[in-house]
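Enquirer: Before I ask anything, let me first share the structure, which is written out below as structure tokens.
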Amino acid sequence: MSEATSCGGVVIFRGKILVLYKNYRNRYDGWVLPKGTVEAGESFEDTAIREIMEESGVEAVIRGYIGDTNYTFNVGSDVVNKRVHWYLCQTYSYKSKPQKEEYFNDSGFYKFHEAKHLLKFSNEKQIVTKAYDIFEQLRQEGKWSDYQR
């Protein structure tokens, strides 16, 4: 068994969540959150910000740590145990551009219930729920504004 670590973000602007549609060679992969592999010498936070930018063209800032998820998948005869560290992120525009080289064909910001419904993986649905709860708490406390940098 191999171990792998990735980082990603739940990116929110004006209460809406960024999701990406991935379609690999006309095989439905579905809607996902931006995430990717940690590079040598890179912090988890830097990985999350870099992957969000690469996969969606969105410039984001981290507002807090949400938690991690784990899952396994097969690569040939090897089983990979992957841990993903998730961050609550903020951006200041709805503008996004999916990374075609990684088979992302669409991206957009959706209301919480829409994003949760669209997401393919149950662990990402759980992370979005946790992230949105944190977002709502920050907003109620006056610690979240869509107009400040």
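Each chain of the structure tokens is named A, B, ... in the order shown, its residues numbered from 1; ligands are numbered from 1 in display order.
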For stretch 11-79 of chain A versus stretch 114-119 of chain A, which residues have an atom no more than 10 Å away, and what is each residue's nearest atom pair and distance in Å rounded to one decimal, using only C-alpha atoms, chain-then-number order, as a tab-separated table?

Expert:
```
residue	atom	partner	partner_atom	distance
A:Lys16	CA	A:Ala115	CA	8.2
A:Ile17	CA	A:Ala115	CA	6.5
A:Leu18	CA	A:Ala115	CA	7.8
A:Val19	CA	A:Ala115	CA	6.8
A:Leu20	CA	A:Leu119	CA	8.9
A:Tyr21	CA	A:Leu119	CA	9.0
A:Gly30	CA	A:Leu119	CA	7.0
A:Trp31	CA	A:Leu119	CA	4.8
A:Val32	CA	A:Leu119	CA	5.5
A:Leu33	CA	A:Leu119	CA	7.8
```

Enquirer: Got a sec: who's within 10 Å of stretch 52-61 of chain A, counting only C-alpha atoms, leaving out chain neighbours fewer than 4 positions off, as a PyMOL selection string?

Expert: chain A and resi 7-13+18-20+33-36+45-48+87-104+106-108+149

Enquirer: Could you write out the selected residues, including C-alpha atoms, as a PDB file, in the first residue's frame?

Expert:
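Printed below is result-v6.pdb as written:
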```pdb
ATOM      1  CA  CYS A   7      -4.754  19.519  -0.414  1.00  0.00           C
ATOM      2  CA  GLY A   8      -7.745  21.423  -1.666  1.00  0.00           C
ATOM      3  CA  GLY A   9     -10.248  24.096  -0.916  1.00  0.00           C
ATOM      4  CA  VAL A  10     -13.879  24.931  -0.525  1.00  0.00           C
ATOM      5  CA  VAL A  11     -13.884  28.343  -2.208  1.00  0.00           C
ATOM      6  CA  ILE A  12     -16.747  30.693  -1.371  1.00  0.00           C
ATOM      7  CA  PHE A  13     -17.797  33.999  -2.900  1.00  0.00           C
ATOM      8  CA  LEU A  18     -16.831  26.753  -6.462  1.00  0.00           C
ATOM      9  CA  VAL A  19     -17.165  23.312  -8.075  1.00  0.00           C
ATOM     10  CA  LEU A  20     -15.496  21.841 -11.164  1.00  0.00           C
ATOM     11  CA  LEU A  33     -13.787  20.359  -5.478  1.00  0.00           C
ATOM     12  CA  PRO A  34     -10.358  21.684  -6.512  1.00  0.00           C
ATOM     13  CA  LYS A  35      -7.509  19.668  -4.980  1.00  0.00           C
ATOM     14  CA  GLY A  36      -4.144  18.200  -5.875  1.00  0.00           C
ATOM     15  CA  GLU A  45      -1.668  25.742   2.459  1.00  0.00           C
ATOM     16  CA  ASP A  46       0.463  26.608  -0.576  1.00  0.00           C
ATOM     17  CA  THR A  47      -0.647  23.390  -2.287  1.00  0.00           C
ATOM     18  CA  ALA A  48      -4.323  24.215  -1.756  1.00  0.00           C
ATOM     19  CA  TYR A  87      -9.200  24.574   3.627  1.00  0.00           C
ATOM     20  CA  LEU A  88     -12.003  27.109   3.720  1.00  0.00           C
ATOM     21  CA  CYS A  89     -11.081  29.690   1.100  1.00  0.00           C
ATOM     22  CA  GLN A  90     -12.421  32.998  -0.083  1.00  0.00           C
ATOM     23  CA  THR A  91     -12.239  34.757  -3.412  1.00  0.00           C
ATOM     24  CA  TYR A  92     -13.465  38.130  -4.647  1.00  0.00           C
ATOM     25  CA  SER A  93     -14.997  37.292  -8.019  1.00  0.00           C
ATOM     26  CA  TYR A  94     -17.209  34.694  -9.717  1.00  0.00           C
ATOM     27  CA  LYS A  95     -14.678  34.488 -12.550  1.00  0.00           C
ATOM     28  CA  SER A  96     -13.272  30.995 -13.139  1.00  0.00           C
ATOM     29  CA  LYS A  97     -11.666  29.123 -16.009  1.00  0.00           C
ATOM     30  CA  PRO A  98     -11.471  25.319 -15.815  1.00  0.00           C
ATOM     31  CA  GLN A  99      -8.119  23.685 -16.618  1.00  0.00           C
ATOM     32  CA  LYS A 100      -8.728  21.787 -19.868  1.00  0.00           C
ATOM     33  CA  GLU A 101      -5.376  19.922 -19.645  1.00  0.00           C
ATOM     34  CA  GLU A 102      -6.667  18.147 -16.528  1.00  0.00           C
ATOM     35  CA  TYR A 103     -10.032  17.393 -18.184  1.00  0.00           C
ATOM     36  CA  PHE A 104     -12.020  20.049 -16.317  1.00  0.00           C
ATOM     37  CA  ASP A 106     -16.788  23.436 -16.620  1.00  0.00           C
ATOM     38  CA  SER A 107     -16.632  25.371 -13.381  1.00  0.00           C
ATOM     39  CA  GLY A 108     -18.879  27.690 -11.473  1.00  0.00           C
ATOM     40  CA  ARG A 149      -8.920  41.849   0.842  1.00  0.00           C
TER      41      ARG A 149
END
```

Enquirer: Just want the 8 Å neighbourhood of A:Ser2, counted on only C-alpha atoms, with same-chain residues fewer than 3 positions away dropped. Output as a VMD selection string.

Expert: chain A and resid 78 to 81

Enquirer: Any chance you could list, as an NGL selection string, the residues in stretch 5-128 of chain A that come up strand (DSSP E) when DSSP is run on the backbone?

Expert: :A and (5-13 or 16-24 or 27-32 or 35-37 or 61-75 or 78-90 or 104-110)

Enquirer: Quick one: write out the picked residues with C-alpha atoms as a PDB file, in the first residue's frame?

Expert:
```pdb
ATOM      1  CA  THR A   5      -1.256  13.511   0.346  1.00  0.00           C
ATOM      2  CA  SER A   6      -3.311  16.165  -1.413  1.00  0.00           C
ATOM      3  CA  CYS A   7      -4.754  19.519  -0.414  1.00  0.00           C
ATOM      4  CA  GLY A   8      -7.745  21.423  -1.666  1.00  0.00           C
ATOM      5  CA  GLY A   9     -10.248  24.096  -0.916  1.00  0.00           C
ATOM      6  CA  VAL A  10     -13.879  24.931  -0.525  1.00  0.00           C
ATOM      7  CA  VAL A  11     -13.884  28.343  -2.208  1.00  0.00           C
ATOM      8  CA  ILE A  12     -16.747  30.693  -1.371  1.00  0.00           C
ATOM      9  CA  PHE A  13     -17.797  33.999  -2.900  1.00  0.00           C
ATOM     10  CA  LYS A  16     -21.708  30.382  -3.344  1.00  0.00           C
ATOM     11  CA  ILE A  17     -19.269  27.474  -3.625  1.00  0.00           C
ATOM     12  CA  LEU A  18     -16.831  26.753  -6.462  1.00  0.00           C
ATOM     13  CA  VAL A  19     -17.165  23.312  -8.075  1.00  0.00           C
ATOM     14  CA  LEU A  20     -15.496  21.841 -11.164  1.00  0.00           C
ATOM     15  CA  TYR A  21     -16.842  19.383 -13.711  1.00  0.00           C
ATOM     16  CA  LYS A  22     -14.324  16.736 -14.774  1.00  0.00           C
ATOM     17  CA  ASN A  23     -14.970  14.578 -17.823  1.00  0.00           C
ATOM     18  CA  TYR A  24     -12.138  12.248 -18.804  1.00  0.00           C
ATOM     19  CA  ARG A  27     -16.398   9.104 -19.354  1.00  0.00           C
ATOM     20  CA  TYR A  28     -18.459  10.870 -16.711  1.00  0.00           C
ATOM     21  CA  ASP A  29     -16.350  11.697 -13.714  1.00  0.00           C
ATOM     22  CA  GLY A  30     -18.609  14.357 -12.241  1.00  0.00           C
ATOM     23  CA  TRP A  31     -18.420  17.518 -10.181  1.00  0.00           C
ATOM     24  CA  VAL A  32     -15.567  17.852  -7.695  1.00  0.00           C
ATOM     25  CA  LYS A  35      -7.509  19.668  -4.980  1.00  0.00           C
ATOM     26  CA  GLY A  36      -4.144  18.200  -5.875  1.00  0.00           C
ATOM     27  CA  THR A  37      -0.904  16.606  -4.799  1.00  0.00           C
ATOM     28  CA  VAL A  61      -7.101  33.138   0.175  1.00  0.00           C
ATOM     29  CA  ILE A  62      -7.309  30.679   3.053  1.00  0.00           C
ATOM     30  CA  ARG A  63      -9.677  31.586   5.866  1.00  0.00           C
ATOM     31  CA  GLY A  64      -9.257  28.408   7.934  1.00  0.00           C
ATOM     32  CA  TYR A  65      -8.686  24.672   8.085  1.00  0.00           C
ATOM     33  CA  ILE A  66     -11.760  22.468   7.646  1.00  0.00           C
ATOM     34  CA  GLY A  67     -10.364  18.973   8.189  1.00  0.00           C
ATOM     35  CA  ASP A  68      -9.193  16.004   6.185  1.00  0.00           C
ATOM     36  CA  THR A  69     -10.690  13.104   4.290  1.00  0.00           C
ATOM     37  CA  ASN A  70      -9.263   9.710   3.391  1.00  0.00           C
ATOM     38  CA  TYR A  71      -9.964   7.311   0.582  1.00  0.00           C
ATOM     39  CA  THR A  72      -8.243   4.503  -1.300  1.00  0.00           C
ATOM     40  CA  PHE A  73      -7.910   3.734  -4.993  1.00  0.00           C
ATOM     41  CA  ASN A  74      -5.999   1.290  -7.167  1.00  0.00           C
ATOM     42  CA  VAL A  75      -3.099   2.060  -9.473  1.00  0.00           C
ATOM     43  CA  ASP A  78      -0.984  -1.111  -5.837  1.00  0.00           C
ATOM     44  CA  VAL A  79      -3.556   0.311  -3.429  1.00  0.00           C
ATOM     45  CA  VAL A  80      -3.076   4.010  -2.680  1.00  0.00           C
ATOM     46  CA  ASN A  81      -4.297   5.443   0.606  1.00  0.00           C
ATOM     47  CA  LYS A  82      -4.889   9.160  -0.010  1.00  0.00           C
ATOM     48  CA  ARG A  83      -5.384  11.822   2.652  1.00  0.00           C
ATOM     49  CA  VAL A  84      -6.743  15.210   1.529  1.00  0.00           C
ATOM     50  CA  HIS A  85      -6.394  18.293   3.736  1.00  0.00           C
ATOM     51  CA  TRP A  86      -9.187  20.806   3.117  1.00  0.00           C
ATOM     52  CA  TYR A  87      -9.200  24.574   3.627  1.00  0.00           C
ATOM     53  CA  LEU A  88     -12.003  27.109   3.720  1.00  0.00           C
ATOM     54  CA  CYS A  89     -11.081  29.690   1.100  1.00  0.00           C
ATOM     55  CA  GLN A  90     -12.421  32.998  -0.083  1.00  0.00           C
ATOM     56  CA  PHE A 104     -12.020  20.049 -16.317  1.00  0.00           C
ATOM     57  CA  ASN A 105     -14.726  21.089 -18.764  1.00  0.00           C
ATOM     58  CA  ASP A 106     -16.788  23.436 -16.620  1.00  0.00           C
ATOM     59  CA  SER A 107     -16.632  25.371 -13.381  1.00  0.00           C
ATOM     60  CA  GLY A 108     -18.879  27.690 -11.473  1.00  0.00           C
ATOM     61  CA  PHE A 109     -20.130  28.969  -8.156  1.00  0.00           C
ATOM     62  CA  TYR A 110     -23.313  27.379  -6.833  1.00  0.00           C
TER      63      TYR A 110
END
```

Enquirer: List every residue of stretch 39-132 of chain A that DSSP, applied to the backbone, labels as helix (DSSP H, G or I), and write the result as a ChimeraX atom specification.

Expert: /A:44-56,100-102,112-118,122-132

Enquirer: Let's have the selection written as a tab-separated table (two decimals), in the first residue's frame, with C-alpha atoms.

Expert:
```tsv
chain	number	residue	atom	x	y	z
A	44	PHE	CA	-0.26	22.20	2.63
A	45	GLU	CA	-1.67	25.74	2.46
A	46	ASP	CA	0.46	26.61	-0.58
A	47	THR	CA	-0.65	23.39	-2.29
A	48	ALA	CA	-4.32	24.21	-1.76
A	49	ILE	CA	-3.94	27.75	-3.15
A	50	ARG	CA	-1.84	26.55	-6.12
A	51	GLU	CA	-4.25	23.76	-7.02
A	52	ILE	CA	-7.28	26.06	-6.82
A	53	MET	CA	-5.54	28.48	-9.20
A	54	GLU	CA	-4.34	25.77	-11.60
A	55	GLU	CA	-7.62	23.87	-11.82
A	56	SER	CA	-10.04	26.80	-11.83
A	100	LYS	CA	-8.73	21.79	-19.87
A	101	GLU	CA	-5.38	19.92	-19.65
A	102	GLU	CA	-6.67	18.15	-16.53
A	112	PHE	CA	-24.78	25.45	-0.98
A	113	HIS	CA	-27.61	22.98	-1.64
A	114	GLU	CA	-26.84	22.97	-5.39
A	115	ALA	CA	-23.11	22.41	-4.90
A	116	LYS	CA	-23.72	19.63	-2.39
A	117	HIS	CA	-26.17	17.96	-4.78
A	118	LEU	CA	-23.76	18.25	-7.74
A	122	SER	CA	-19.75	11.72	-0.33
A	123	ASN	CA	-16.57	12.82	1.47
A	124	GLU	CA	-16.58	16.07	-0.52
A	125	LYS	CA	-20.26	16.60	0.33
A	126	GLN	CA	-19.35	16.24	4.02
A	127	ILE	CA	-16.45	18.72	3.70
A	128	VAL	CA	-18.70	21.25	1.93
A	129	THR	CA	-21.22	20.95	4.78
A	130	LYS	CA	-18.51	21.54	7.41
A	131	ALA	CA	-17.06	24.43	5.39
A	132	TYR	CA	-20.43	26.10	4.96
```

Enquirer: Calculate how many Å separate atom CA of A:Gly15 from atom CA of A:Asp133, rounding to one decimal.

Expert: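 That distance, rounded to one decimal, is 11.2 Å.
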
Enquirer: Separation of atom CA of A:Glu39 and atom CA of A:Arg25, in Å?

Expert: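 Interatomic distance, atom CA of A:Glu39 to atom CA of A:Arg25: 26.3 Å.
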